[in-house]
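Here is the file run.tsv (TSV, C-alpha atoms).
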```
chain	number	residue	atom	x	y	z
A	268	MET	CA	19.47	-100.51	-61.77
A	269	SER	CA	18.65	-97.15	-63.18
A	270	VAL	CA	15.53	-96.11	-65.02
A	271	GLU	CA	17.77	-95.73	-68.08
A	272	THR	CA	18.90	-99.37	-67.88
A	273	ASP	CA	15.32	-100.58	-67.43
A	274	THR	CA	14.15	-98.49	-70.36
A	275	ALA	CA	16.94	-99.80	-72.58
A	276	THR	CA	15.97	-103.40	-71.75
A	277	ILE	CA	12.34	-102.74	-72.63
A	278	ARG	CA	13.21	-101.03	-75.91
A	279	ARG	CA	15.30	-104.06	-76.87
A	280	TYR	CA	12.30	-106.29	-76.18
A	281	TYR	CA	10.16	-104.48	-78.77
A	282	GLU	CA	12.88	-103.73	-81.30
A	283	GLU	CA	15.05	-106.84	-81.17
A	284	VAL	CA	12.85	-109.61	-79.75
A	285	LEU	CA	9.43	-108.79	-81.22
A	286	ASN	CA	10.33	-106.84	-84.37
A	287	GLY	CA	13.75	-108.44	-84.84
A	288	ARG	CA	12.48	-111.99	-84.12
A	289	ASP	CA	15.43	-112.66	-81.75
A	290	VAL	CA	13.49	-114.79	-79.29
A	291	ASP	CA	16.59	-116.20	-77.58
A	292	LEU	CA	17.66	-112.70	-76.54
A	293	LEU	CA	15.01	-113.14	-73.83
A	294	ASP	CA	17.51	-115.37	-72.00
A	295	ARG	CA	19.38	-112.15	-71.25
A	296	LEU	CA	16.50	-109.65	-71.07
A	297	ALA	CA	14.11	-111.56	-68.80
A	298	VAL	CA	14.49	-113.33	-65.45
A	299	ALA	CA	14.02	-117.10	-65.40
A	300	ASP	CA	10.93	-116.93	-63.17
A	301	TYR	CA	9.25	-114.21	-65.27
A	302	ARG	CA	5.63	-113.75	-64.21
A	303	GLU	CA	2.87	-113.12	-66.79
A	304	HIS	CA	-0.45	-111.71	-65.56
A	305	ASP	CA	-2.10	-111.67	-69.00
A	306	PRO	CA	-1.01	-114.91	-70.64
A	307	LEU	CA	-2.02	-115.90	-74.15
A	308	PRO	CA	-4.16	-119.04	-74.18
A	309	GLY	CA	-1.82	-122.00	-73.78
A	310	GLN	CA	1.16	-119.90	-72.68
A	311	GLY	CA	3.33	-121.72	-70.16
A	312	ASP	CA	4.89	-120.23	-67.04
A	313	ASP	CA	8.15	-118.38	-66.56
A	314	ARG	CA	10.65	-117.17	-69.18
A	315	ASP	CA	10.05	-120.26	-71.33
A	316	GLY	CA	6.39	-119.27	-71.46
A	317	LEU	CA	7.35	-115.76	-72.54
A	318	LYS	CA	9.47	-117.18	-75.36
A	319	GLN	CA	6.56	-119.39	-76.38
A	320	ARG	CA	4.27	-116.29	-76.35
A	321	VAL	CA	6.59	-114.33	-78.61
A	322	ARG	CA	6.89	-117.27	-81.03
A	323	MET	CA	3.08	-117.59	-81.14
A	324	LEU	CA	2.76	-113.88	-81.99
A	325	ILE	CA	5.45	-114.04	-84.66
A	326	ASP	CA	3.99	-117.16	-86.28
A	327	ALA	CA	0.39	-115.92	-86.25
A	328	PHE	CA	0.71	-112.18	-86.87
A	329	ASP	CA	4.05	-111.25	-88.48
A	330	PRO	CA	4.07	-108.37	-85.98
A	331	GLN	CA	5.66	-104.94	-86.20
A	332	PHE	CA	5.49	-102.96	-82.95
A	333	THR	CA	5.97	-99.21	-82.75
A	334	VAL	CA	6.71	-97.73	-79.33
A	335	GLU	CA	4.51	-94.63	-79.24
A	336	ASP	CA	5.30	-93.53	-75.71
A	337	LEU	CA	7.17	-94.72	-72.66
A	338	VAL	CA	6.78	-93.79	-68.96
A	339	ALA	CA	9.28	-95.15	-66.45
A	340	GLU	CA	9.81	-95.06	-62.71
A	341	PRO	CA	12.35	-97.09	-60.75
A	342	GLY	CA	11.54	-100.76	-61.38
A	343	LYS	CA	8.64	-100.18	-63.80
A	344	VAL	CA	8.33	-99.23	-67.46
A	345	VAL	CA	5.04	-98.52	-69.23
A	346	VAL	CA	4.89	-98.70	-73.02
A	347	ARG	CA	2.07	-97.48	-75.23
A	348	TRP	CA	2.43	-99.18	-78.58
A	349	THR	CA	0.88	-99.73	-81.95
A	350	HIS	CA	1.00	-103.20	-83.45
A	351	ALA	CA	0.63	-103.49	-87.21
A	352	GLY	CA	0.37	-107.09	-88.30
A	353	ARG	CA	-1.15	-109.61	-90.61
A	354	HIS	CA	-3.01	-112.74	-89.59
A	355	VAL	CA	-0.70	-115.20	-91.36
A	356	GLY	CA	-0.96	-118.25	-89.12
A	357	ALA	CA	-3.56	-120.09	-87.08
A	358	PHE	CA	-4.22	-118.59	-83.68
A	359	MET	CA	-6.34	-120.34	-81.06
A	360	GLY	CA	-7.79	-122.62	-83.67
A	361	ILE	CA	-8.78	-119.75	-85.96
A	362	PRO	CA	-7.18	-120.33	-89.37
A	363	ALA	CA	-5.21	-117.48	-90.91
A	364	THR	CA	-7.49	-114.87	-92.49
A	365	GLY	CA	-4.64	-113.04	-94.26
A	366	ARG	CA	-6.13	-109.79	-93.03
A	367	THR	CA	-3.98	-106.90	-91.87
A	368	PHE	CA	-4.71	-105.06	-88.65
A	369	ARG	CA	-3.43	-102.16	-86.62
A	370	ILE	CA	-4.19	-102.03	-82.91
A	371	ALA	CA	-3.11	-100.15	-79.80
A	372	GLY	CA	-2.01	-101.52	-76.47
A	373	ILE	CA	-0.33	-100.52	-73.24
A	374	ASP	CA	2.10	-102.81	-71.40
A	375	ILE	CA	3.26	-102.43	-67.83
A	376	HIS	CA	6.59	-104.15	-67.17
A	377	ARG	CA	8.19	-104.67	-63.78
A	378	LEU	CA	11.95	-105.11	-63.82
A	379	GLU	CA	14.45	-106.64	-61.44
A	380	ASP	CA	18.12	-105.71	-61.80
A	381	GLY	CA	17.46	-104.39	-65.29
A	382	ARG	CA	15.64	-107.52	-66.47
A	383	MET	CA	11.98	-108.10	-67.28
A	384	ALA	CA	10.32	-109.81	-64.31
A	385	GLU	CA	6.55	-109.25	-64.52
A	386	HIS	CA	3.95	-108.00	-67.04
A	387	TRP	CA	0.38	-106.72	-67.30
A	388	HIS	CA	-1.37	-105.25	-70.33
A	389	VAL	CA	-4.53	-103.94	-71.90
A	390	ILE	CA	-4.93	-104.20	-75.66
A	391	ASP	CA	-7.65	-102.95	-77.99
A	392	GLN	CA	-8.99	-106.42	-78.52
A	393	LEU	CA	-12.31	-105.22	-79.95
A	394	ALA	CA	-10.55	-103.39	-82.79
A	395	PHE	CA	-8.42	-106.47	-83.38
A	396	LEU	CA	-11.39	-108.84	-83.62
A	397	GLN	CA	-13.30	-106.39	-85.82
A	398	GLN	CA	-10.37	-105.91	-88.21
A	399	LEU	CA	-10.01	-109.68	-88.55
A	400	GLY	CA	-13.73	-109.92	-89.25
A	401	LEU	CA	-14.32	-112.11	-86.19
A	402	VAL	CA	-16.91	-109.81	-84.59
A	403	PRO	CA	-19.09	-107.26	-86.38
A	404	ALA	CA	-18.82	-103.55	-85.68
A	405	PRO	CA	-22.05	-102.26	-84.09
A	406	GLU	CA	-24.17	-99.67	-85.84
A	407	GLY	CA	-22.78	-96.20	-85.20
A	408	ALA	CA	-19.60	-97.45	-83.56
A	409	PRO	CA	-16.33	-95.74	-84.36
A	410	ALA	CA	-14.30	-97.44	-87.04
B	246	MET	CA	18.34	-82.85	-54.58
B	247	ARG	CA	16.96	-83.62	-58.01
B	248	THR	CA	16.22	-87.26	-57.25
B	249	LYS	CA	14.10	-86.53	-54.22
B	250	SER	CA	12.18	-83.85	-56.03
B	251	GLU	CA	11.42	-86.23	-58.90
B	252	ALA	CA	10.20	-88.85	-56.42
B	253	GLU	CA	7.93	-86.26	-54.84
B	254	ARG	CA	6.53	-85.25	-58.20
B	255	ARG	CA	5.85	-88.88	-59.03
B	256	GLU	CA	3.91	-89.29	-55.80
B	257	GLN	CA	1.98	-86.06	-56.42
B	258	ASN	CA	1.04	-87.25	-59.90
B	259	LYS	CA	-0.17	-90.58	-58.53
B	260	ARG	CA	-2.20	-88.83	-55.83
B	261	LEU	CA	-3.86	-86.65	-58.48
B	262	VAL	CA	-4.88	-89.62	-60.61
B	263	ARG	CA	-6.12	-91.57	-57.60
B	264	ARG	CA	-8.17	-88.58	-56.47
B	265	TYR	CA	-9.68	-88.22	-59.96
B	266	LYS	CA	-10.64	-91.89	-60.22
B	267	LEU	CA	-11.87	-92.43	-56.67
B	268	GLU	CA	-13.23	-89.07	-55.51
B	269	VAL	CA	-14.39	-87.40	-58.71
B	270	LEU	CA	-15.49	-90.48	-60.69
B	271	ASN	CA	-16.52	-93.03	-58.08
B	272	GLY	CA	-17.73	-90.23	-55.78
B	273	ARG	CA	-19.77	-88.76	-58.68
B	274	ARG	CA	-18.34	-85.32	-57.96
B	275	ILE	CA	-18.15	-84.34	-61.60
B	276	GLU	CA	-18.58	-80.70	-60.53
B	277	ASP	CA	-15.07	-80.97	-59.03
B	278	LEU	CA	-13.53	-81.98	-62.36
B	279	SER	CA	-12.01	-78.51	-62.87
B	280	GLN	CA	-9.99	-79.03	-59.67
B	281	VAL	CA	-8.17	-82.01	-61.20
B	282	ALA	CA	-8.24	-81.29	-64.96
B	283	ALA	CA	-7.03	-78.39	-67.07
B	284	GLN	CA	-9.43	-76.14	-68.96
B	285	ASP	CA	-7.72	-77.07	-72.25
B	286	TYR	CA	-7.64	-80.82	-71.47
B	287	LEU	CA	-6.58	-82.63	-74.65
B	288	ASP	CA	-8.05	-86.11	-75.11
B	289	HIS	CA	-6.32	-88.33	-77.66
B	290	ALA	CA	-8.88	-91.04	-76.90
B	291	ALA	CA	-11.96	-88.86	-77.37
B	292	PHE	CA	-15.31	-90.51	-78.06
B	293	PRO	CA	-16.87	-89.67	-81.45
B	294	GLY	CA	-18.33	-86.18	-81.15
B	295	GLN	CA	-16.64	-85.41	-77.83
B	296	ALA	CA	-16.19	-81.65	-77.55
B	297	ALA	CA	-12.75	-80.17	-76.88
B	298	GLY	CA	-11.38	-79.35	-73.45
B	299	LEU	CA	-12.91	-79.64	-70.02
B	300	GLU	CA	-16.49	-79.42	-71.32
B	301	GLY	CA	-15.98	-82.45	-73.53
B	302	PHE	CA	-14.28	-84.28	-70.67
B	303	ARG	CA	-17.32	-83.64	-68.46
B	304	ASP	CA	-19.70	-84.87	-71.18
B	305	ARG	CA	-17.58	-88.01	-71.59
B	306	LEU	CA	-17.80	-88.83	-67.88
B	307	GLU	CA	-21.55	-88.23	-67.81
B	308	LEU	CA	-21.95	-90.60	-70.78
B	309	LEU	CA	-19.92	-93.29	-69.00
B	310	ILE	CA	-21.95	-92.89	-65.82
B	311	ARG	CA	-25.26	-93.14	-67.72
B	312	ALA	CA	-24.07	-96.16	-69.70
B	313	PHE	CA	-22.52	-98.23	-66.91
B	314	ASP	CA	-23.09	-96.76	-63.41
B	315	PRO	CA	-19.38	-97.60	-63.10
B	316	ARG	CA	-17.08	-98.15	-60.13
B	317	TRP	CA	-13.36	-97.99	-60.88
B	318	THR	CA	-10.78	-99.96	-58.94
B	319	VAL	CA	-7.20	-98.70	-59.19
B	320	MET	CA	-4.97	-101.73	-59.74
B	321	ASP	CA	-1.62	-100.02	-60.34
B	322	LEU	CA	-0.06	-96.57	-60.71
B	323	VAL	CA	3.21	-95.67	-62.44
B	324	ALA	CA	4.51	-92.12	-62.79
B	325	ASP	CA	7.43	-89.99	-63.83
B	326	ALA	CA	7.86	-86.29	-63.15
B	327	ASP	CA	5.27	-85.18	-65.74
B	328	ARG	CA	3.09	-88.19	-66.44
B	329	ALA	CA	1.07	-90.81	-64.66
B	330	VAL	CA	-0.33	-94.16	-65.74
B	331	VAL	CA	-3.20	-95.98	-64.07
B	332	ARG	CA	-4.29	-99.56	-64.66
B	333	TRP	CA	-7.89	-100.04	-63.63
B	334	VAL	CA	-10.88	-102.33	-63.62
B	335	LEU	CA	-14.39	-100.98	-64.10
B	336	HIS	CA	-17.38	-102.85	-62.74
B	337	GLY	CA	-20.87	-101.71	-63.61
B	338	ILE	CA	-24.21	-102.47	-65.22
B	339	HIS	CA	-24.56	-101.96	-68.97
B	340	GLN	CA	-27.72	-99.88	-68.62
B	341	GLY	CA	-27.33	-97.30	-71.40
B	342	MET	CA	-26.23	-97.00	-75.02
B	343	PHE	CA	-22.45	-96.82	-75.40
B	344	LEU	CA	-20.59	-96.28	-78.70
B	345	GLY	CA	-23.28	-98.15	-80.58
B	346	PHE	CA	-23.57	-101.02	-78.11
B	347	ALA	CA	-27.13	-101.38	-76.86
B	348	PRO	CA	-27.61	-101.93	-73.13
B	349	THR	CA	-28.01	-105.49	-71.90
B	350	GLY	CA	-29.01	-104.65	-68.34
B	351	GLY	CA	-26.35	-107.11	-67.20
B	352	PRO	CA	-23.14	-106.70	-65.25
B	353	ILE	CA	-20.05	-105.64	-67.16
B	354	ARG	CA	-16.34	-105.63	-66.40
B	355	LEU	CA	-13.94	-103.57	-68.47
B	356	ASP	CA	-10.15	-103.35	-68.14
B	357	GLY	CA	-8.17	-100.27	-69.12
B	358	ILE	CA	-4.97	-98.33	-68.78
B	359	ASP	CA	-4.95	-94.52	-68.89
B	360	MET	CA	-1.90	-92.37	-69.48
B	361	TYR	CA	-1.96	-88.68	-68.52
B	362	ARG	CA	0.35	-85.76	-68.98
B	363	ILE	CA	0.16	-83.55	-65.92
B	364	ARG	CA	0.71	-79.82	-65.95
B	365	ASP	CA	0.53	-77.47	-62.95
B	366	GLY	CA	-0.97	-80.21	-60.82
B	367	LYS	CA	-3.82	-81.00	-63.22
B	368	LEU	CA	-4.56	-83.63	-65.87
B	369	ALA	CA	-3.74	-81.94	-69.17
B	370	GLU	CA	-3.55	-84.66	-71.81
B	371	HIS	CA	-4.88	-88.22	-72.07
B	372	TRP	CA	-4.29	-91.43	-73.98
B	373	ASN	CA	-5.76	-94.81	-73.16
B	374	VAL	CA	-6.44	-98.35	-74.18
B	375	VAL	CA	-9.61	-100.05	-72.98
B	376	ASP	CA	-10.60	-103.59	-73.85
B	377	LEU	CA	-14.19	-103.11	-75.04
B	378	SER	CA	-14.51	-106.67	-76.35
B	379	PRO	CA	-16.81	-107.71	-73.44
B	380	LEU	CA	-19.42	-105.41	-75.01
B	381	ALA	CA	-19.27	-107.26	-78.31
B	382	ILE	CA	-18.79	-110.88	-77.28
B	383	PRO	CA	-22.01	-112.50	-76.08
B	384	THR	CA	-21.79	-113.55	-72.45
B	385	ALA	CA	-23.60	-116.75	-73.43
B	386	LEU	CA	-20.36	-118.07	-74.92
B	387	PRO	CA	-18.62	-120.49	-72.59
B	388	ALA	CA	-15.57	-119.08	-70.85
B	389	GLY	CA	-12.56	-119.35	-73.11
B	390	ALA	CA	-14.58	-119.65	-76.31
B	391	ALA	CA	-13.65	-116.15	-77.41
B	392	PRO	CA	-10.08	-115.30	-78.33
B	393	THR	CA	-8.39	-113.35	-75.57
B	394	GLY	CA	-5.10	-111.56	-75.56
B	395	ALA	CA	-4.69	-111.82	-79.29
B	396	GLY	CA	-2.28	-109.33	-80.83
B	397	ALA	CA	-0.59	-108.80	-77.49
B	398	SER	CA	3.04	-108.10	-77.01
```

With the file now loaded, output its structure as structure tokens.
Amino acid sequence: MSVETDTATIRRYYEEVLNGRDVDLLDRLAVADYREHDPLPGQGDDRDGLKQRVRMLIDAFDPQFTVEDLVAEPGKVVVRWTHAGRHVGAFMGIPATGRTFRIAGIDIHRLEDGRMAEHWHVIDQLAFLQQLGLVPAPEGAPA
Amino acid sequence: MRTKSEAERREQNKRLVRRYKLEVLNGRRIEDLSQVAAQDYLDHAAFPGQAAGLEGFRDRLELLIRAFDPRWTVMDLVADADRAVVRWVLHGIHQGMFLGFAPTGGPIRLDGIDMYRIRDGKLAEHWNVVDLSPLAIPTALPAGAAPTGAGAS
């Protein structure tokens, strides 16, 4: 598959699955034995686990992802994104705070035959926890 | 042979980033930074007060080295013809002040992904995401007590 096909698959993941809430589209966008290297707590294996992950995010954070940048090579697509959300549902036993947040993250996706097969990420978890009021910002730290 | 040339550029970009992380950073050869980074290096992830360009880049690295005595491990590299991405793990000792976080003297692990635009064989522009939550979450908490991965995609 071409870099263009891979990129189109990944854009659909953010626009249609995450922002558009079309979780079942993952049946077409991801391989059945999808491998997650950075699972959410409680996330199961494979594509079913990915669908569970997306549902957890939607239920807890009412997420809106913006793709800020995208770098692709054959078989891999990197996405730098911004996630603006609101903590509307319980997450990991923490009841909804109702607070809004805006955080950055970078995902690395590996694709097989144009479908999502494997994933790694780093997200700005400190900013997330601070914006939800779950950890204090240190003195002199950037906002 | 456009395809081959793009593949070569991708490999060149990966070699540049690997050299920067392993030789310049881990090798503490900050004096060689001008060989791998442009004079007008533009950092979209600048620390508060970081000066512009190569001078600010050098100050940033010296701050990181003082704060953590870090060793980077390159976990993955992805590149196109003009850009490169590196996923890394930093291991070090939190021995100096960093962005308001007082040193603990204890070991620290940070995970990050850097994205660079490359121009004329040098790093020219930079974005990144680093998970700094290990600095804020007390290590005394039992594993799994702190939320992890929240807000992910």

Using all atoms listed in the file, determine which residues of chain B fall within 10 Å of chain A; present them as a count of residues only. 49

Residues near A:Ala299, anyone? I mean within 9 Å using all atoms listed in the file, not counting same-chain ones fewer than 4 positions away, as a list in words. Asp294, Asp313, Arg314, Asp315 and Ala384 of chain A

Name the closest residue to B:Gln284 among the candidates B:Val262, B:Tyr361, B:Gly301, B:Glu268; distances are taken between atoms, counting only C-alpha atoms.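 Among the listed residues, B:Gly301 lies closest to B:Gln284.
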
Mind giving me the straight-line distance from atom CA of A:Gln319 to atom CA of A:Leu292 in Å, one decimal?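 We find that atom CA of A:Gln319 and atom CA of A:Leu292 lie 13.0 Å from each other.
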
Between atom CA of B:Lys259 and atom CA of B:Ala296, what distance in Å does the model show, to one decimal? 26.4 Å

Who sits within 12 Å of B:Arg311, only C-alpha atoms, same chain under 3 positions skipped, as a short mmCIF file (atom, residue, chain, number, x, y, z; two decimals) with C-alpha atoms, keeping the file's coordinate frame:
```cif
data_model
loop_
_atom_site.label_atom_id
_atom_site.label_comp_id
_atom_site.auth_asym_id
_atom_site.auth_seq_id
_atom_site.Cartn_x
_atom_site.Cartn_y
_atom_site.Cartn_z
CA ARG B 273 -19.77 -88.76 -58.68
CA ASP B 304 -19.70 -84.87 -71.18
CA ARG B 305 -17.58 -88.01 -71.59
CA LEU B 306 -17.80 -88.83 -67.88
CA GLU B 307 -21.55 -88.23 -67.81
CA LEU B 308 -21.95 -90.60 -70.78
CA ASP B 314 -23.09 -96.76 -63.41
CA PRO B 315 -19.38 -97.60 -63.10
CA GLY B 337 -20.87 -101.71 -63.61
CA ILE B 338 -24.21 -102.47 -65.22
CA HIS B 339 -24.56 -101.96 -68.97
CA GLN B 340 -27.72 -99.88 -68.62
CA GLY B 341 -27.33 -97.30 -71.40
CA MET B 342 -26.23 -97.00 -75.02
CA PHE B 343 -22.45 -96.82 -75.40
CA PRO B 348 -27.61 -101.93 -73.13
#
```

Compile the contact shell of B:Tyr265 as a list in words: residues with an atom at most 10 Å away, counting all atoms listed in the file, same-chain residues fewer than 3 positions apart removed. Lys259, Arg260, Leu261, Val262, Glu268, Val269, Leu270, Asn271, Gly272, Arg274, Ile275, Asp277, Leu278, Gln280, Val281, Ala282, Lys367 and Leu368 of chain B

Do you have the atom CA of B:Trp317-atom CA of B:His336 distance handy? 6.6 Å

Box time for stretch 272-284 of chain B: axis-aligned, enclosing all its listed atoms, 3 Å extra on each side; report centre and edge lengths in Å to one decimal, as lines of an AutoDock Vina configuration file.
```
center_x = -13.4
center_y = -83.2
center_z = -62.4
size_x = 18.7
size_y = 20.1
size_z = 19.2
```

Near B:Glu370, within 10 Å and counting only C-alpha atoms, which residues show up once chain neighbours fewer than 4 positions away are dropped, as a compact mmCIF listing (two decimals) with C-alpha atoms, in the coordinates of the input?
```txt
# COMPACT_ATOMS: atom_id res chain seq x y z
CA ALA B 282 -8.24 -81.29 -64.96
CA ALA B 283 -7.03 -78.39 -67.07
CA ASP B 285 -7.72 -77.07 -72.25
CA TYR B 286 -7.64 -80.82 -71.47
CA LEU B 287 -6.58 -82.63 -74.65
CA ASP B 288 -8.05 -86.11 -75.11
CA HIS B 289 -6.32 -88.33 -77.66
CA ALA B 290 -8.88 -91.04 -76.90
CA GLY B 298 -11.38 -79.35 -73.45
CA ARG B 328 3.09 -88.19 -66.44
CA MET B 360 -1.90 -92.37 -69.48
CA TYR B 361 -1.96 -88.68 -68.52
CA ARG B 362 0.35 -85.76 -68.98
CA ILE B 363 0.16 -83.55 -65.92
CA ARG B 364 0.71 -79.82 -65.95
```
